[in-house]
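Reproduced below: run.pdb, with PDB, C-alpha atoms and all ligand atoms.
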ATOM      1  CA  MET A  65      -3.961  12.436  54.760
ATOM      2  CA  HIS A  66      -5.052  14.249  51.632
ATOM      3  CA  ILE A  67      -5.536  12.018  48.554
ATOM      4  CA  ARG A  68      -6.320  13.662  45.243
ATOM      5  CA  VAL A  69      -8.390  11.256  43.152
ATOM      6  CA  ILE A  70      -8.154  12.316  39.527
ATOM      7  CA  ASN A  71     -10.843  11.132  37.130
ATOM      8  CA  PRO A  72      -9.011  11.660  33.825
ATOM      9  CA  ASN A  73     -12.211  12.112  31.830
ATOM     10  CA  THR A  74     -14.266  15.320  32.020
ATOM     11  CA  THR A  75     -17.612  13.811  33.101
ATOM     12  CA  ALA A  76     -18.390  15.448  36.465
ATOM     13  CA  SER A  77     -21.100  12.919  37.447
ATOM     14  CA  MET A  78     -18.551  10.113  37.104
ATOM     15  CA  THR A  79     -16.056  12.103  39.182
ATOM     16  CA  SER A  80     -18.685  12.375  41.959
ATOM     17  CA  ALA A  81     -19.391   8.634  41.912
ATOM     18  CA  ILE A  82     -15.648   7.906  41.993
ATOM     19  CA  GLY A  83     -15.272  10.309  44.940
ATOM     20  CA  VAL A  84     -18.054   8.556  46.869
ATOM     21  CA  ALA A  85     -16.465   5.143  46.241
ATOM     22  CA  ALA A  86     -13.062   6.479  47.339
ATOM     23  CA  GLN A  87     -14.397   8.085  50.524
ATOM     24  CA  ARG A  88     -16.315   4.927  51.441
ATOM     25  CA  VAL A  89     -13.120   2.883  51.824
ATOM     26  CA  ALA A  90     -10.848   5.681  53.047
ATOM     27  CA  ALA A  91      -9.650   5.824  56.651
ATOM     28  CA  PRO A  92     -11.538   8.300  58.883
ATOM     29  CA  ASP A  93      -8.646  10.781  58.785
ATOM     30  CA  THR A  94      -8.211  10.585  55.008
ATOM     31  CA  ARG A  95      -9.598  13.487  53.004
ATOM     32  CA  ILE A  96     -10.550  12.566  49.436
ATOM     33  CA  VAL A  97     -10.503  15.382  46.884
ATOM     34  CA  ALA A  98     -12.072  14.064  43.662
ATOM     35  CA  VAL A  99     -11.384  16.146  40.570
ATOM     36  CA  ASN A 100     -11.395  15.970  36.792
ATOM     37  CA  PRO A 101      -9.592  18.098  34.216
ATOM     38  CA  ALA A 102     -11.580  20.921  32.616
ATOM     39  CA  ASP A 103     -10.241  19.993  29.173
ATOM     40  CA  GLY A 104     -10.246  16.572  27.563
ATOM     41  CA  PRO A 105     -12.460  13.699  26.453
ATOM     42  CA  ALA A 106     -15.821  12.959  28.137
ATOM     43  CA  SER A 107     -14.761   9.313  28.323
ATOM     44  CA  ILE A 108     -11.597   7.367  27.566
ATOM     45  CA  GLU A 109     -12.094   4.478  25.180
ATOM     46  CA  CYS A 110      -9.024   4.330  22.912
ATOM     47  CA  HIS A 111      -5.351   5.271  22.706
ATOM     48  CA  PHE A 112      -6.146   8.764  21.388
ATOM     49  CA  ASP A 113      -8.478   9.565  24.302
ATOM     50  CA  ASP A 114      -5.831   8.184  26.642
ATOM     51  CA  ALA A 115      -3.079  10.406  25.192
ATOM     52  CA  VAL A 116      -5.167  13.591  25.376
ATOM     53  CA  ALA A 117      -6.380  12.787  28.911
ATOM     54  CA  ALA A 118      -2.804  12.298  30.128
ATOM     55  CA  VAL A 119      -2.131  16.043  29.802
ATOM     56  CA  GLY A 120      -5.131  16.806  32.014
ATOM     57  CA  VAL A 121      -3.869  14.283  34.579
ATOM     58  CA  CYS A 122      -0.487  16.050  34.699
ATOM     59  CA  GLU A 123      -2.180  19.428  35.172
ATOM     60  CA  GLU A 124      -4.251  18.025  38.037
ATOM     61  CA  VAL A 125      -1.115  16.654  39.712
ATOM     62  CA  ARG A 126       0.505  20.100  39.481
ATOM     63  CA  ARG A 127      -2.616  21.580  41.147
ATOM     64  CA  GLY A 128      -2.458  18.889  43.792
ATOM     65  CA  GLU A 129       1.174  19.770  44.522
ATOM     66  CA  ALA A 130       0.127  23.392  45.107
ATOM     67  CA  GLU A 131      -2.626  22.174  47.467
ATOM     68  CA  GLY A 132      -0.352  19.823  49.438
ATOM     69  CA  ALA A 133      -1.721  16.449  48.359
ATOM     70  CA  ASP A 134      -0.094  13.453  50.092
ATOM     71  CA  GLY A 135      -0.924  11.021  47.293
ATOM     72  CA  TYR A 136      -2.753  10.621  43.999
ATOM     73  CA  VAL A 137      -5.065   8.115  42.361
ATOM     74  CA  ILE A 138      -5.486   8.064  38.575
ATOM     75  CA  ALA A 139      -9.055   6.795  38.263
ATOM     76  CA  CYS A 140      -9.196   5.506  34.699
ATOM     77  CA  PHE A 141      -8.376   1.920  33.792
ATOM     78  CA  GLY A 142      -5.812   2.919  31.162
ATOM     79  CA  ASP A 143      -3.751   4.601  33.923
ATOM     80  CA  PRO A 144      -3.235   7.583  31.539
ATOM     81  CA  GLY A 145      -0.117   9.608  32.249
ATOM     82  CA  LEU A 146       0.923   7.428  35.195
ATOM     83  CA  ASN A 147       4.692   7.677  34.858
ATOM     84  CA  ALA A 148       4.513  11.324  33.731
ATOM     85  CA  ALA A 149       2.494  12.096  36.868
ATOM     86  CA  ARG A 150       5.073  10.249  38.970
ATOM     87  CA  GLU A 151       7.791  12.501  37.544
ATOM     88  CA  LEU A 152       5.875  15.544  38.809
ATOM     89  CA  THR A 153       5.687  14.603  42.495
ATOM     90  CA  ARG A 154       7.419  12.786  45.345
ATOM     91  CA  ALA A 155       4.013  11.631  46.594
ATOM     92  CA  PRO A 156       2.801   8.158  45.568
ATOM     93  CA  VAL A 157       0.721   8.035  42.381
ATOM     94  CA  VAL A 158      -1.358   4.876  41.918
ATOM     95  CA  GLY A 159      -3.328   3.992  38.795
ATOM     96  CA  ILE A 160      -6.508   1.978  39.215
ATOM     97  CA  ALA A 161      -5.447  -0.714  36.740
ATOM     98  CA  GLN A 162      -2.147  -1.401  38.479
ATOM     99  CA  ALA A 163      -3.843  -1.253  41.898
ATOM    100  CA  ALA A 164      -6.548  -3.698  40.852
ATOM    101  CA  PHE A 165      -4.076  -6.169  39.296
ATOM    102  CA  GLN A 166      -1.910  -6.105  42.440
ATOM    103  CA  MET A 167      -4.914  -6.568  44.728
ATOM    104  CA  ALA A 168      -6.292  -9.413  42.575
ATOM    105  CA  ALA A 169      -2.903 -11.133  42.763
ATOM    106  CA  LEU A 170      -3.150 -11.055  46.570
ATOM    107  CA  VAL A 171      -6.495 -12.857  46.702
ATOM    108  CA  SER A 172      -6.452 -15.230  43.718
ATOM    109  CA  ALA A 173      -4.090 -17.423  41.721
ATOM    110  CA  ARG A 174      -5.459 -16.023  38.475
ATOM    111  CA  PHE A 175      -8.022 -13.443  37.549
ATOM    112  CA  SER A 176      -9.948 -12.098  34.581
ATOM    113  CA  VAL A 177     -10.690  -8.474  33.740
ATOM    114  CA  VAL A 178     -14.192  -7.376  32.705
ATOM    115  CA  THR A 179     -14.044  -4.050  30.904
ATOM    116  CA  THR A 180     -16.284  -1.798  28.820
ATOM    117  CA  LEU A 181     -15.622  -1.899  25.059
ATOM    118  CA  ALA A 182     -13.599  -4.512  23.157
ATOM    119  CA  ARG A 183     -11.728  -1.493  21.822
ATOM    120  CA  THR A 184     -10.154  -0.983  25.260
ATOM    121  CA  VAL A 185      -8.987  -4.602  25.701
ATOM    122  CA  ILE A 186      -5.656  -3.820  24.026
ATOM    123  CA  ILE A 187      -5.007  -1.071  26.595
ATOM    124  CA  ALA A 188      -5.599  -3.411  29.540
ATOM    125  CA  GLU A 189      -3.453  -6.114  27.905
ATOM    126  CA  GLU A 190      -0.589  -3.690  27.350
ATOM    127  CA  LEU A 191      -0.743  -2.632  31.000
ATOM    128  CA  LEU A 192      -0.767  -6.256  32.192
ATOM    129  CA  HIS A 193       2.499  -6.787  30.295
ATOM    130  CA  ARG A 194       4.002  -3.476  31.381
ATOM    131  CA  TYR A 195       3.334  -4.190  35.055
ATOM    132  CA  GLY A 196       4.425  -7.836  34.857
ATOM    133  CA  ASN A 197       0.956  -9.210  35.680
ATOM    134  CA  ALA A 198       0.147 -10.846  32.336
ATOM    135  CA  ALA A 199       0.858 -14.387  33.535
ATOM    136  CA  LEU A 200      -1.794 -14.023  36.263
ATOM    137  CA  CYS A 201      -4.542 -12.790  33.956
ATOM    138  CA  GLN A 202      -6.636 -15.446  32.257
ATOM    139  CA  ASN A 203      -8.641 -13.163  29.975
ATOM    140  CA  VAL A 204      -9.711  -9.582  29.350
ATOM    141  CA  ARG A 205     -13.410  -9.592  28.541
ATOM    142  CA  ALA A 206     -15.594  -6.745  27.279
ATOM    143  CA  VAL A 207     -19.310  -6.156  27.844
ATOM    144  CA  GLU A 208     -19.564  -3.712  24.901
ATOM    145  CA  ILE A 209     -21.038  -0.923  27.017
ATOM    146  CA  PRO A 210     -19.595   2.556  26.309
ATOM    147  CA  VAL A 211     -18.209   4.229  29.452
ATOM    148  CA  LEU A 212     -20.906   6.890  29.725
ATOM    149  CA  GLU A 213     -23.690   4.304  29.375
ATOM    150  CA  LEU A 214     -22.559   2.665  32.626
ATOM    151  CA  GLU A 215     -24.201   5.446  34.627
ATOM    152  CA  GLN A 216     -27.180   5.925  32.295
ATOM    153  CA  ASP A 217     -28.571   2.440  32.926
ATOM    154  CA  MET A 218     -26.704   1.092  35.904
ATOM    155  CA  VAL A 219     -29.027  -1.883  36.454
ATOM    156  CA  ALA A 220     -28.546  -3.133  32.899
ATOM    157  CA  ALA A 221     -24.794  -2.527  33.113
ATOM    158  CA  VAL A 222     -24.406  -4.464  36.363
ATOM    159  CA  GLY A 223     -26.469  -7.312  34.883
ATOM    160  CA  ARG A 224     -24.215  -7.560  31.812
ATOM    161  CA  ILE A 225     -21.064  -7.408  33.964
ATOM    162  CA  ILE A 226     -22.438 -10.193  36.185
ATOM    163  CA  ASP A 227     -23.128 -12.378  33.125
ATOM    164  CA  GLU A 228     -19.610 -11.801  31.763
ATOM    165  CA  SER A 229     -18.041 -12.376  35.186
ATOM    166  CA  ARG A 230     -19.841 -15.735  35.475
ATOM    167  CA  ARG A 231     -18.383 -16.698  32.090
ATOM    168  CA  ALA A 232     -14.941 -15.638  33.369
ATOM    169  CA  ARG A 233     -15.457 -17.823  36.453
ATOM    170  CA  ASP A 234     -16.660 -20.866  34.459
ATOM    171  CA  GLU A 235     -14.769 -20.610  31.140
ATOM    172  CA  ASP A 236     -11.522 -18.878  32.206
ATOM    173  CA  ARG A 237     -11.378 -20.539  35.637
ATOM    174  CA  ALA A 238     -10.715 -17.076  37.044
ATOM    175  CA  GLY A 239     -10.536 -16.941  40.839
ATOM    176  CA  ALA A 240     -11.261 -13.217  40.958
ATOM    177  CA  ILE A 241     -12.719 -10.513  38.739
ATOM    178  CA  VAL A 242     -11.102  -7.132  38.100
ATOM    179  CA  LEU A 243     -13.547  -4.446  37.006
ATOM    180  CA  GLY A 244     -11.975  -2.626  34.064
ATOM    181  CA  CYS A 245     -13.379   0.911  34.315
ATOM    182  CA  GLY A 246     -13.464   3.751  36.845
ATOM    183  CA  GLY A 247     -17.147   4.113  35.989
ATOM    184  CA  MET A 248     -17.761   0.715  37.629
ATOM    185  CA  ALA A 249     -16.808   2.068  41.080
ATOM    186  CA  GLY A 250     -19.521   1.045  43.534
ATOM    187  CA  PHE A 251     -20.630  -1.975  41.457
ATOM    188  CA  GLU A 252     -18.293  -4.480  43.116
ATOM    189  CA  GLN A 253     -20.365  -5.743  46.053
ATOM    190  CA  GLU A 254     -23.428  -6.636  44.006
ATOM    191  CA  ILE A 255     -21.308  -8.371  41.368
ATOM    192  CA  SER A 256     -19.290 -10.275  43.971
ATOM    193  CA  GLN A 257     -22.466 -11.524  45.659
ATOM    194  CA  ALA A 258     -23.968 -12.647  42.362
ATOM    195  CA  VAL A 259     -20.824 -14.341  41.046
ATOM    196  CA  GLY A 260     -19.396 -15.712  44.293
ATOM    197  CA  LEU A 261     -15.854 -14.453  43.626
ATOM    198  CA  PRO A 262     -13.752 -11.599  44.990
ATOM    199  CA  VAL A 263     -14.384  -8.576  42.758
ATOM    200  CA  ILE A 264     -11.712  -5.898  42.727
ATOM    201  CA  GLU A 265     -12.655  -2.356  41.826
ATOM    202  CA  GLY A 266      -9.630  -0.198  41.136
ATOM    203  CA  VAL A 267     -10.597   3.108  42.769
ATOM    204  CA  SER A 268     -11.039   1.546  46.200
ATOM    205  CA  ALA A 269      -7.926  -0.628  45.758
ATOM    206  CA  ALA A 270      -5.876   2.414  44.748
ATOM    207  CA  VAL A 271      -7.050   4.521  47.711
ATOM    208  CA  LYS A 272      -6.020   1.792  50.149
ATOM    209  CA  LEU A 273      -2.651   1.370  48.405
ATOM    210  CA  VAL A 274      -1.961   5.115  48.552
ATOM    211  CA  GLU A 275      -2.861   5.121  52.260
ATOM    212  CA  ALA A 276      -0.525   2.157  52.845
ATOM    213  CA  THR A 277       2.297   3.730  50.866
ATOM    214  CA  VAL A 278       2.034   7.021  52.773
ATOM    215  CA  ALA A 279       1.730   5.203  56.112
ATOM    216  CA  LEU A 280       4.953   3.334  55.327
ATOM    217  CA  GLY A 281       6.701   6.647  54.657
ATOM    218  CA  LEU A 282       7.408   5.730  51.038
ATOM    219  CA  ASN A 283       7.811   8.349  48.316
ATOM    220  CA  THR A 284       8.038   8.025  44.541
ATOM    221  CA  SER A 285      11.742   7.461  43.877
ATOM    222  CA  LYS A 286      13.486  10.451  42.365
ATOM    223  CA  HIS A 287      16.602   8.416  41.586
ATOM    224  CA  GLY A 288      16.759   7.958  37.837
ATOM    225  CA  ASP A 289      13.734   7.196  35.719
ATOM    226  CA  LEU A 290      11.068   9.112  37.690
ATOM    227  CA  ALA A 291      13.207  12.178  38.448
ATOM    228  CA  PRO A 292      11.529  15.566  37.806
ATOM    229  CA  PRO A 293      11.318  16.481  34.092
ATOM    230  CA  PRO A 294      14.348  18.462  32.842
ATOM    231  CA  ALA A 295      13.623  22.189  32.745
ATOM    232  CA  LYS A 296      12.909  23.466  29.245
ATOM    233  CA  CYS A 297      10.712  25.761  27.221
ATOM    234  CA  PHE A 298       7.216  24.586  26.268
ATOM    235  CA  SER A 299       5.487  26.544  23.513
ATOM    236  CA  GLY A 300       1.985  27.824  22.892
ATOM    237  CA  ARG A 301      -0.827  26.338  24.971
ATOM    238  CA  PHE A 302       1.705  24.248  26.914
ATOM    239  CA  ALA A 303       3.770  27.294  27.947
ATOM    240  CA  HIS A 304       2.657  26.771  31.558
ATOM    241  CA  PHE A 305       4.805  23.616  31.631
ATOM    242  CA  SER A 306       7.965  25.669  30.996
ATOM    243  CA  GLY A 307      10.662  25.856  33.657
ATOM    244  CA  GLY A 308      10.783  22.244  34.804
ATOM    245  CA  GLU A 309       9.821  21.179  38.276
ATOM    246  CA  ALA A 310       6.085  21.041  39.042
TER     247      ALA A 310
HETATM  248  C1  LIG B   1     -12.112   4.026  31.148
HETATM  249  C2  LIG B   1     -12.221   4.431  32.510
HETATM  250  O1  LIG B   1     -11.873   3.784  33.485
HETATM  251  N1  LIG B   1     -12.734   5.687  32.479
HETATM  252  C3  LIG B   1     -12.944   6.045  31.197
HETATM  253  O2  LIG B   1     -13.395   7.127  30.815
HETATM  254  N2  LIG B   1     -12.546   5.001  30.406
HETATM  255  N3  LIG B   1     -11.570   2.824  30.744
HETATM  256  C4  LIG B   1     -12.300   1.795  30.230
HETATM  257  N4  LIG B   1     -11.662   0.673  29.913
HETATM  258  O3  LIG B   1     -13.498   1.909  30.047
END
This structure in structure tokens:
Amino acid sequence: MHIRVINPNTTASMTSAIGVAAQRVAAPDTRIVAVNPADGPASIECHFDDAVAAVGVCEEVRRGEAEGADGYVIACFGDPGLNAARELTRAPVVGIAQAAFQMAALVSARFSVVTTLARTVIIAEELLHRYGNAALCQNVRAVEIPVLELEQDMVAAVGRIIDESRRARDEDRAGAIVLGCGGMAGFEQEISQAVGLPVIEGVSAAVKLVEATVALGLNTSKHGDLAPPPAKCFSGRFAHFSGGEA
């Protein structure tokens, strides 16, 4: 099985860390191809970053189609371009936010999210409502660490996430913690041990959900809302999207 794990931001070191985390949980016969778009924001921390990154995600799905990918992971917690990507392929496309919420719902009655900047809380909250998981989420907390600082001082970042997760456990009565950034991939075991709760990291959850979806023989439905985009002309720097089907 070939899973294309798309880091929607353009920071190659984060793509490598995400690839390592994905490969660590993947089945022995699963090949992880971790990529990021050449063009776009270095990190995704607001709606504008999210909108620009979504184009890069779509381009990476089109490349994946040419390379025969069996499934896709969108490895940013805003799930940028998720439904657009699903229009471009019959393969399953799983965003790390949706994967983490679903996995948390399987192991706890209610969970809290611990994310990077307060600025991104609105994005996580919108996704919780969109996916129908809002009633299960007690709180979306932020540690006020910019995405790229997660890998610059990992020890400090993990310490702050542990502190916030303990507050989620004690003040929110959360039964599980969802880590709210692709840059937190690989942090989950240490945090879980320190906090004493299940900690769900979206990249690993999404890889296992793509594997399960493929193993069940399920494709993204092409009936109705996720059908391929109608063929039309795209102008200028988007001319390569002309002609419809990916
Ligand atoms: C993210 C993420 O997962 N990757 C990125 O660049 N920004 N989202 C977040 N809430 O920090």
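Candidate residues A:Gly135, A:Asp103, A:Thr75, A:Thr184 were compared for distance to ligand LIG 1 (chain B), and the nearest is A:Thr184, using all atoms listed in the file.
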Shell around Ala206 (chain A) at 12 Å using all atoms listed in the file, local window under 3 positions removed, as a count of residues only: 30
CA of Ala168 (chain A) to CA of Ala149 (chain A), distance in Å rounded to a single decimal: 23.9 Å
Long-range neighbours of Ile96 (chain A) as a list in words, 8 Å cut-off, all atoms listed in the file, 5 positions minimum in chain: His66, Ile67, Arg68, Val69, Gly83, Ala86, Gln87 and Ala90 of chain A
Counting only C-alpha atoms, give me one row per residue of region 125-216 of chain A with an atom at most 8 Å from an atom of region 257-279 of chain A, showing the shortest contact pair and its distance in Å to one decimal, sorted by chain then residue number, as CSV.
residue,atom,partner,partner_atom,distance
A:Asp134,CA,A:Val278,CA,7.3
A:Gly135,CA,A:Val274,CA,6.1
A:Tyr136,CA,A:Val274,CA,7.2
A:Val137,CA,A:Ala270,CA,6.2
A:Ala139,CA,A:Val267,CA,6.0
A:Phe141,CA,A:Gly266,CA,7.7
A:Ala155,CA,A:Val278,CA,8.0
A:Pro156,CA,A:Val274,CA,6.4
A:Val157,CA,A:Val274,CA,7.3
A:Val158,CA,A:Ala270,CA,5.9
A:Gly159,CA,A:Ala270,CA,6.7
A:Ile160,CA,A:Gly266,CA,4.3
A:Ala161,CA,A:Gly266,CA,6.1
A:Ala163,CA,A:Ala270,CA,5.1
A:Ala164,CA,A:Gly266,CA,4.7
A:Met167,CA,A:Ala269,CA,6.7
A:Ala168,CA,A:Ile264,CA,6.5
A:Val171,CA,A:Pro262,CA,7.6
Residue among A:Ala98, A:Ile70, A:Met65, A:Leu214 lying closest to Gly120 (chain A), counting all atoms listed in the file: A:Ile70
Residues near Ala102 (chain A), cut-off 10 Å, all atoms listed in the file, skip fewer than 5 positions along chain, as a ChimeraX atom specification: /A:72-76,120,123-124
Of the listed residues A:Ala115, A:Leu146, A:Leu212, A:Cys122, that which approaches ligand LIG 1 (chain B) most closely, counting all atoms listed in the file: A:Leu212
